[in-house]
>>> print(open('entry27.cif').read())   # mmCIF, N, CA and C atoms
data_upload
loop_
_atom_site.label_atom_id
_atom_site.label_comp_id
_atom_site.auth_asym_id
_atom_site.auth_seq_id
_atom_site.Cartn_x
_atom_site.Cartn_y
_atom_site.Cartn_z
N MET A 14 -1.48 83.14 43.77
CA MET A 14 -2.62 82.53 44.40
C MET A 14 -2.91 81.16 43.83
N ASP A 15 -2.56 80.96 42.60
CA ASP A 15 -2.81 79.66 42.00
C ASP A 15 -1.71 78.69 42.41
N ASN A 16 -2.11 77.50 42.71
CA ASN A 16 -1.18 76.44 43.05
C ASN A 16 -1.67 75.20 42.32
N TYR A 17 -1.18 75.03 41.11
CA TYR A 17 -1.64 73.96 40.24
C TYR A 17 -0.69 72.77 40.25
N LYS A 18 -1.26 71.65 39.97
CA LYS A 18 -0.48 70.47 39.66
C LYS A 18 -1.12 69.87 38.42
N ILE A 19 -0.29 69.67 37.41
CA ILE A 19 -0.77 69.05 36.17
C ILE A 19 0.13 67.87 35.87
N GLU A 20 -0.47 66.72 35.66
CA GLU A 20 0.27 65.52 35.29
C GLU A 20 -0.24 65.05 33.93
N PHE A 21 0.69 64.64 33.10
CA PHE A 21 0.35 64.09 31.80
C PHE A 21 1.11 62.78 31.66
N GLU A 22 0.38 61.73 31.40
CA GLU A 22 0.97 60.40 31.25
C GLU A 22 0.60 59.88 29.87
N LEU A 23 1.60 59.49 29.11
CA LEU A 23 1.38 58.99 27.75
C LEU A 23 1.92 57.57 27.66
N HIS A 24 1.13 56.69 27.07
CA HIS A 24 1.50 55.29 26.94
C HIS A 24 1.84 54.95 25.49
N PRO A 25 2.62 53.88 25.28
CA PRO A 25 3.03 53.50 23.92
C PRO A 25 1.86 53.19 22.98
N ASP A 26 0.68 52.87 23.52
CA ASP A 26 -0.47 52.59 22.66
C ASP A 26 -1.25 53.87 22.32
N SER A 27 -0.66 55.03 22.63
CA SER A 27 -1.18 56.38 22.38
C SER A 27 -2.32 56.79 23.31
N THR A 28 -2.58 56.01 24.35
CA THR A 28 -3.55 56.43 25.35
C THR A 28 -2.86 57.38 26.31
N TYR A 29 -3.65 58.27 26.91
CA TYR A 29 -3.09 59.25 27.83
C TYR A 29 -4.00 59.44 29.02
N LYS A 30 -3.41 60.02 30.08
CA LYS A 30 -4.16 60.44 31.26
C LYS A 30 -3.67 61.83 31.63
N ILE A 31 -4.61 62.68 32.00
CA ILE A 31 -4.29 64.03 32.47
C ILE A 31 -4.96 64.22 33.82
N TYR A 32 -4.19 64.75 34.75
CA TYR A 32 -4.71 65.10 36.07
C TYR A 32 -4.36 66.56 36.29
N LYS A 33 -5.35 67.37 36.66
CA LYS A 33 -5.12 68.79 36.94
C LYS A 33 -5.88 69.16 38.20
N ALA A 34 -5.17 69.78 39.13
CA ALA A 34 -5.80 70.23 40.37
C ALA A 34 -5.33 71.65 40.67
N ASN A 35 -6.22 72.44 41.24
CA ASN A 35 -5.89 73.78 41.70
C ASN A 35 -6.00 73.73 43.22
N TYR A 36 -4.89 73.48 43.88
CA TYR A 36 -4.88 73.25 45.31
C TYR A 36 -5.34 74.46 46.11
N PHE A 37 -4.98 75.67 45.69
CA PHE A 37 -5.37 76.86 46.44
C PHE A 37 -6.89 77.02 46.48
N PHE A 38 -7.52 77.04 45.30
CA PHE A 38 -8.96 77.27 45.27
C PHE A 38 -9.74 76.07 45.79
N ASP A 39 -9.21 74.87 45.63
CA ASP A 39 -9.87 73.71 46.23
C ASP A 39 -9.89 73.84 47.75
N ARG A 40 -8.80 74.33 48.31
CA ARG A 40 -8.72 74.48 49.76
C ARG A 40 -9.66 75.60 50.23
N VAL A 41 -9.68 76.71 49.51
CA VAL A 41 -10.55 77.83 49.87
C VAL A 41 -12.02 77.43 49.77
N ASP A 42 -12.37 76.74 48.69
CA ASP A 42 -13.76 76.31 48.48
C ASP A 42 -14.13 75.08 49.31
N ARG A 43 -13.13 74.47 49.94
CA ARG A 43 -13.32 73.22 50.68
C ARG A 43 -13.99 72.15 49.81
N ASN A 44 -13.55 72.15 48.58
CA ASN A 44 -14.12 71.23 47.60
C ASN A 44 -13.02 70.82 46.64
N LYS A 45 -12.77 69.55 46.56
CA LYS A 45 -11.75 69.07 45.63
C LYS A 45 -12.43 68.62 44.34
N GLU A 46 -12.10 69.32 43.28
CA GLU A 46 -12.64 68.96 41.97
C GLU A 46 -11.54 68.90 40.93
N PRO A 47 -10.62 67.96 41.09
CA PRO A 47 -9.57 67.87 40.08
C PRO A 47 -10.13 67.35 38.77
N LEU A 48 -9.45 67.71 37.70
CA LEU A 48 -9.82 67.20 36.38
C LEU A 48 -9.06 65.90 36.18
N ASN A 49 -9.77 64.85 35.86
CA ASN A 49 -9.18 63.58 35.47
C ASN A 49 -9.70 63.28 34.09
N LYS A 50 -8.80 63.22 33.13
CA LYS A 50 -9.22 62.97 31.76
C LYS A 50 -8.32 61.90 31.18
N SER A 51 -8.92 61.03 30.43
CA SER A 51 -8.14 60.03 29.72
C SER A 51 -8.69 59.92 28.31
N GLY A 52 -7.88 59.43 27.44
CA GLY A 52 -8.31 59.29 26.06
C GLY A 52 -7.20 58.69 25.23
N LYS A 53 -7.35 58.85 23.94
CA LYS A 53 -6.37 58.31 23.00
C LYS A 53 -6.03 59.41 22.00
N LEU A 54 -4.72 59.62 21.82
CA LEU A 54 -4.29 60.61 20.85
C LEU A 54 -4.57 60.12 19.43
N SER A 55 -4.81 61.05 18.54
CA SER A 55 -4.94 60.68 17.14
C SER A 55 -3.58 60.18 16.66
N GLU A 56 -3.56 59.50 15.54
CA GLU A 56 -2.30 58.99 15.00
C GLU A 56 -1.33 60.14 14.75
N GLU A 57 -1.82 61.25 14.24
CA GLU A 57 -0.98 62.41 13.95
C GLU A 57 -0.43 63.02 15.24
N GLU A 58 -1.28 63.17 16.26
CA GLU A 58 -0.84 63.71 17.54
C GLU A 58 0.25 62.83 18.16
N PHE A 59 0.00 61.51 18.12
CA PHE A 59 0.96 60.59 18.74
C PHE A 59 2.29 60.61 18.00
N LYS A 60 2.25 60.59 16.68
CA LYS A 60 3.49 60.59 15.90
C LYS A 60 4.31 61.85 16.15
N SER A 61 3.63 62.99 16.29
CA SER A 61 4.36 64.24 16.50
C SER A 61 5.09 64.25 17.84
N ILE A 62 4.45 63.77 18.88
CA ILE A 62 5.12 63.74 20.19
C ILE A 62 6.12 62.60 20.26
N GLU A 63 5.82 61.49 19.63
CA GLU A 63 6.74 60.35 19.61
C GLU A 63 8.05 60.75 18.93
N THR A 64 7.96 61.51 17.85
CA THR A 64 9.16 61.97 17.14
C THR A 64 10.04 62.80 18.06
N LEU A 65 9.42 63.68 18.83
CA LEU A 65 10.19 64.51 19.77
C LEU A 65 10.80 63.67 20.89
N ILE A 66 10.05 62.72 21.42
CA ILE A 66 10.55 61.85 22.49
C ILE A 66 11.71 61.00 21.99
N ASN A 67 11.61 60.51 20.76
CA ASN A 67 12.63 59.62 20.21
C ASN A 67 13.95 60.30 19.89
N LYS A 68 14.02 61.60 20.05
CA LYS A 68 15.30 62.29 19.87
C LYS A 68 16.23 62.03 21.05
N ASN A 69 15.71 61.34 22.08
CA ASN A 69 16.49 60.87 23.24
C ASN A 69 17.16 61.98 24.02
N ILE A 70 16.65 63.17 23.96
CA ILE A 70 17.27 64.28 24.67
C ILE A 70 17.19 64.11 26.19
N ILE A 71 16.10 63.55 26.69
CA ILE A 71 15.94 63.41 28.14
C ILE A 71 17.00 62.48 28.72
N GLU A 72 17.33 61.42 28.02
CA GLU A 72 18.34 60.49 28.50
C GLU A 72 19.72 61.14 28.60
N LYS A 73 19.96 62.21 27.84
CA LYS A 73 21.26 62.87 27.80
C LYS A 73 21.36 64.04 28.76
N MET A 74 20.28 64.39 29.41
CA MET A 74 20.26 65.57 30.27
C MET A 74 20.66 65.25 31.71
N ASN A 75 20.99 66.29 32.47
CA ASN A 75 21.26 66.13 33.90
C ASN A 75 19.95 65.84 34.62
N ASP A 76 20.05 65.45 35.89
CA ASP A 76 18.85 65.14 36.68
C ASP A 76 18.08 66.40 37.08
N SER A 77 18.79 67.52 37.26
CA SER A 77 18.09 68.73 37.70
C SER A 77 18.78 69.98 37.17
N TYR A 78 17.96 71.04 37.08
CA TYR A 78 18.42 72.33 36.59
C TYR A 78 17.76 73.43 37.42
N GLY A 79 18.58 74.41 37.83
CA GLY A 79 18.04 75.60 38.48
C GLY A 79 17.81 75.49 39.97
N PHE A 80 18.38 74.48 40.63
CA PHE A 80 18.18 74.30 42.06
C PHE A 80 19.47 74.55 42.85
N ASP A 81 20.50 75.09 42.19
CA ASP A 81 21.81 75.24 42.83
C ASP A 81 21.85 76.37 43.85
N SER A 82 21.06 77.39 43.65
CA SER A 82 21.11 78.56 44.53
C SER A 82 19.87 78.63 45.41
N PRO A 83 20.05 78.83 46.71
CA PRO A 83 18.88 78.95 47.59
C PRO A 83 18.11 80.26 47.38
N ASP A 84 18.73 81.23 46.67
CA ASP A 84 18.08 82.53 46.44
C ASP A 84 17.06 82.50 45.31
N ILE A 85 17.07 81.49 44.49
CA ILE A 85 16.18 81.43 43.33
C ILE A 85 14.80 80.95 43.76
N GLU A 86 13.77 81.66 43.33
CA GLU A 86 12.38 81.26 43.59
C GLU A 86 12.13 79.85 43.06
N ARG A 87 11.13 79.21 43.60
CA ARG A 87 10.74 77.87 43.13
C ARG A 87 9.23 77.85 42.87
N ASP A 88 8.77 78.86 42.13
CA ASP A 88 7.34 79.00 41.86
C ASP A 88 6.82 77.93 40.91
N ILE A 89 7.60 77.62 39.88
CA ILE A 89 7.17 76.65 38.88
C ILE A 89 8.24 75.58 38.79
N ILE A 90 7.83 74.36 39.00
CA ILE A 90 8.76 73.24 38.90
C ILE A 90 8.19 72.23 37.92
N TYR A 91 9.02 71.86 36.98
CA TYR A 91 8.65 70.85 36.00
C TYR A 91 9.41 69.57 36.33
N THR A 92 8.72 68.46 36.33
CA THR A 92 9.36 67.17 36.51
C THR A 92 8.96 66.29 35.33
N ILE A 93 9.95 65.81 34.62
CA ILE A 93 9.70 64.99 33.44
C ILE A 93 10.27 63.61 33.73
N GLN A 94 9.45 62.61 33.49
CA GLN A 94 9.91 61.23 33.65
C GLN A 94 9.65 60.52 32.33
N LEU A 95 10.68 59.89 31.82
CA LEU A 95 10.55 59.09 30.61
C LEU A 95 10.91 57.66 30.97
N THR A 96 9.98 56.74 30.75
CA THR A 96 10.22 55.34 31.06
C THR A 96 10.13 54.54 29.77
N ARG A 97 11.21 53.85 29.48
CA ARG A 97 11.26 52.96 28.32
C ARG A 97 12.03 51.71 28.71
N ASN A 98 11.52 50.58 28.26
CA ASN A 98 12.20 49.31 28.53
C ASN A 98 12.55 49.16 30.01
N ASN A 99 11.60 49.49 30.88
CA ASN A 99 11.75 49.39 32.33
C ASN A 99 12.88 50.25 32.89
N ARG A 100 13.32 51.26 32.16
CA ARG A 100 14.34 52.19 32.64
C ARG A 100 13.75 53.59 32.62
N SER A 101 13.88 54.30 33.75
CA SER A 101 13.33 55.64 33.86
C SER A 101 14.43 56.69 33.93
N ASN A 102 14.18 57.81 33.28
CA ASN A 102 15.03 58.99 33.37
C ASN A 102 14.17 60.12 33.90
N PHE A 103 14.71 60.87 34.86
CA PHE A 103 14.00 62.00 35.46
C PHE A 103 14.79 63.27 35.20
N VAL A 104 14.08 64.33 34.90
CA VAL A 104 14.67 65.66 34.79
C VAL A 104 13.75 66.60 35.55
N SER A 105 14.31 67.33 36.51
CA SER A 105 13.56 68.34 37.27
C SER A 105 14.11 69.71 36.89
N VAL A 106 13.20 70.64 36.62
CA VAL A 106 13.59 71.97 36.18
C VAL A 106 12.88 73.00 37.04
N ASN A 107 13.65 73.92 37.59
CA ASN A 107 13.09 75.05 38.30
C ASN A 107 12.76 76.09 37.24
N GLY A 108 11.49 76.30 36.99
CA GLY A 108 11.05 77.21 35.95
C GLY A 108 11.37 78.66 36.23
N SER A 109 11.71 78.99 37.47
CA SER A 109 12.05 80.37 37.83
C SER A 109 13.52 80.70 37.57
N ALA A 110 14.35 79.69 37.38
CA ALA A 110 15.77 79.92 37.14
C ALA A 110 16.00 80.22 35.67
N ASN A 111 16.98 81.02 35.41
CA ASN A 111 17.32 81.38 34.03
C ASN A 111 18.23 80.28 33.47
N GLN A 112 17.66 79.39 32.71
CA GLN A 112 18.38 78.24 32.18
C GLN A 112 18.29 78.23 30.65
N THR A 113 19.28 77.64 30.03
CA THR A 113 19.26 77.45 28.58
C THR A 113 19.25 75.95 28.34
N PHE A 114 18.33 75.52 27.48
CA PHE A 114 18.18 74.10 27.20
C PHE A 114 18.33 73.83 25.71
N PRO A 115 18.65 72.59 25.36
CA PRO A 115 18.70 72.24 23.94
C PRO A 115 17.33 72.45 23.29
N LYS A 116 17.33 72.85 22.03
CA LYS A 116 16.10 73.11 21.30
C LYS A 116 15.17 71.90 21.29
N ASP A 117 15.72 70.70 21.17
CA ASP A 117 14.88 69.49 21.17
C ASP A 117 14.09 69.37 22.47
N PHE A 118 14.70 69.74 23.59
CA PHE A 118 14.01 69.67 24.87
C PHE A 118 12.90 70.72 24.95
N THR A 119 13.21 71.96 24.59
CA THR A 119 12.19 73.00 24.65
C THR A 119 11.06 72.72 23.66
N ASP A 120 11.38 72.14 22.52
CA ASP A 120 10.33 71.75 21.57
C ASP A 120 9.42 70.68 22.16
N LEU A 121 10.00 69.70 22.85
CA LEU A 121 9.22 68.63 23.47
C LEU A 121 8.31 69.21 24.55
N ILE A 122 8.84 70.07 25.39
CA ILE A 122 8.04 70.65 26.48
C ILE A 122 6.94 71.53 25.91
N SER A 123 7.26 72.37 24.97
CA SER A 123 6.28 73.28 24.36
C SER A 123 5.16 72.49 23.68
N HIS A 124 5.55 71.49 22.91
CA HIS A 124 4.56 70.68 22.20
C HIS A 124 3.66 69.92 23.19
N THR A 125 4.26 69.36 24.23
CA THR A 125 3.50 68.62 25.22
C THR A 125 2.52 69.53 25.94
N MET A 126 2.97 70.72 26.34
CA MET A 126 2.08 71.65 27.04
C MET A 126 0.93 72.09 26.14
N SER A 127 1.20 72.33 24.87
CA SER A 127 0.13 72.70 23.94
C SER A 127 -0.89 71.59 23.81
N LEU A 128 -0.40 70.36 23.71
CA LEU A 128 -1.28 69.21 23.58
C LEU A 128 -2.13 69.03 24.84
N VAL A 129 -1.50 69.14 26.01
CA VAL A 129 -2.22 69.00 27.28
C VAL A 129 -3.27 70.11 27.42
N ASN A 130 -2.90 71.35 27.12
CA ASN A 130 -3.85 72.45 27.20
C ASN A 130 -5.04 72.25 26.28
N GLU A 131 -4.78 71.75 25.09
CA GLU A 131 -5.86 71.48 24.14
C GLU A 131 -6.80 70.41 24.69
N LYS A 132 -6.26 69.37 25.26
CA LYS A 132 -7.08 68.28 25.80
C LYS A 132 -7.87 68.77 27.03
N ILE A 133 -7.25 69.61 27.85
CA ILE A 133 -7.94 70.16 29.03
C ILE A 133 -9.07 71.09 28.58
N ASP A 134 -8.79 71.94 27.60
CA ASP A 134 -9.82 72.87 27.10
C ASP A 134 -11.00 72.15 26.48
N ASN A 135 -10.74 70.97 25.93
CA ASN A 135 -11.81 70.21 25.29
C ASN A 135 -12.41 69.16 26.23
N ALA A 136 -12.08 69.24 27.53
CA ALA A 136 -12.63 68.28 28.49
C ALA A 136 -14.14 68.49 28.62
N ASP A 137 -14.83 67.40 28.77
CA ASP A 137 -16.29 67.46 28.91
C ASP A 137 -16.71 68.04 30.23
#
>>> encode(input="entry27.cif", output="structure tokens")
Amino acid sequence: MDNYKIEFELHPDSTYKIYKANYFFDRVDRNKEPLNKSGKLSEEEFKSIETLINKNIIEKMNDSYGFDSPDIERDIIYTIQLTRNNRSNFVSVNGSANQTFPKDFTDLISHTMSLVNEKIDNAD
């Protein structure tokens, strides 16, 4: 029943933007109330995620994972975009497919999701 979209954008100056919408309940309630939050990560928060990003794992990955078979559900889709020096790398992952990823990638995703959830939970 839930149909969420969560976007997290992080800038080199440690500022961030989070957008979260629940499309199903917004449509049922006929009321759009997405969460828009922006702020600045602490130095410790920024360094921890920067360290994971700087392992350059995204640049070494394929463009997509888990979309090869039409039989696989597409309930959860992750799209990661890393832009540095005017060059972007995209990785799309079908969260319903059974995939194995490098530890650096799963650490980056796990850490980012924890950080985003913390910022959403502490939203005013």
>>> atom_distance(input="entry27.cif", atom1="atom CA of Phe118 of chain A", atom2="atom N of Ser51 of chain A")
25.1 Å
>>> resolve_selection(input="entry27.cif", expression="the PyMOL selection byres ((chain A and resi 54) around 7)", output="JSON, numbers by chain")
{"A": [26, 27, 28, 29, 52, 53, 55, 56, 57, 58, 59]}
>>> atom_distance(input="entry27.cif", atom1="atom N of Ile70 of chain A", atom2="atom C of Asn111 of chain A")
19.6 Å
>>> resolve_selection(input="entry27.cif", expression="the PyMOL selection byres (((chain A and resi 94-109 and name CA) around 8) and name CA)", output="PyMOL selection string")
chain A and resi 71-72+74-80+85-93+110-111
>>> atom_distance(input="entry27.cif", atom1="atom N of Leu65 of chain A", atom2="atom CA of Leu121 of chain A")
6.8 Å
>>> closest_residue(input="entry27.cif", among="A:Lys73, A:Phe114, A:Lys60, A:Ile133", to="Ile19 of chain A", atoms="only C-alpha atoms")
A:Ile133
>>> closest_residue(input="entry27.cif", among="A:Leu128, A:Glu20, A:Glu63, A:Asn69", to="Pro47 of chain A", atoms="only C-alpha atoms")
A:Glu20
>>> select_by_dssp(input="entry27.cif", residues="segment 74-104 of chain A", states="strand (DSSP E)", output="JSON, numbers by chain")
{"A": [77, 78, 90, 91, 92, 93, 94, 95, 96, 97, 100, 101, 102, 103, 104]}
>>> axis_aligned_box(input="entry27.cif", around="segment 50-56 of chain A", padding_each_side="8 Å", output="JSON")
{"center_x": -5.3, "center_y": 60.8, "center_z": 23.9, "size_x": 23.9, "size_y": 20.9, "size_z": 34.4}
>>> residues_around(input="entry27.cif", residues="Asn49 of chain A", least_positions_apart="5", cutoff="8 Å", atoms="all atoms listed in the file", output="list in words")
Lys30, Ile31, Tyr32, Lys33 and Ala34 of chain A
>>> residues_near_point(input="entry27.cif", point="(7.3, 62.7, 24.1)", cutoff="8 Å", atoms="only N, CA and C atoms", output="NGL selection string")
:A and (23 or 61-68 or 121-122 or 125)
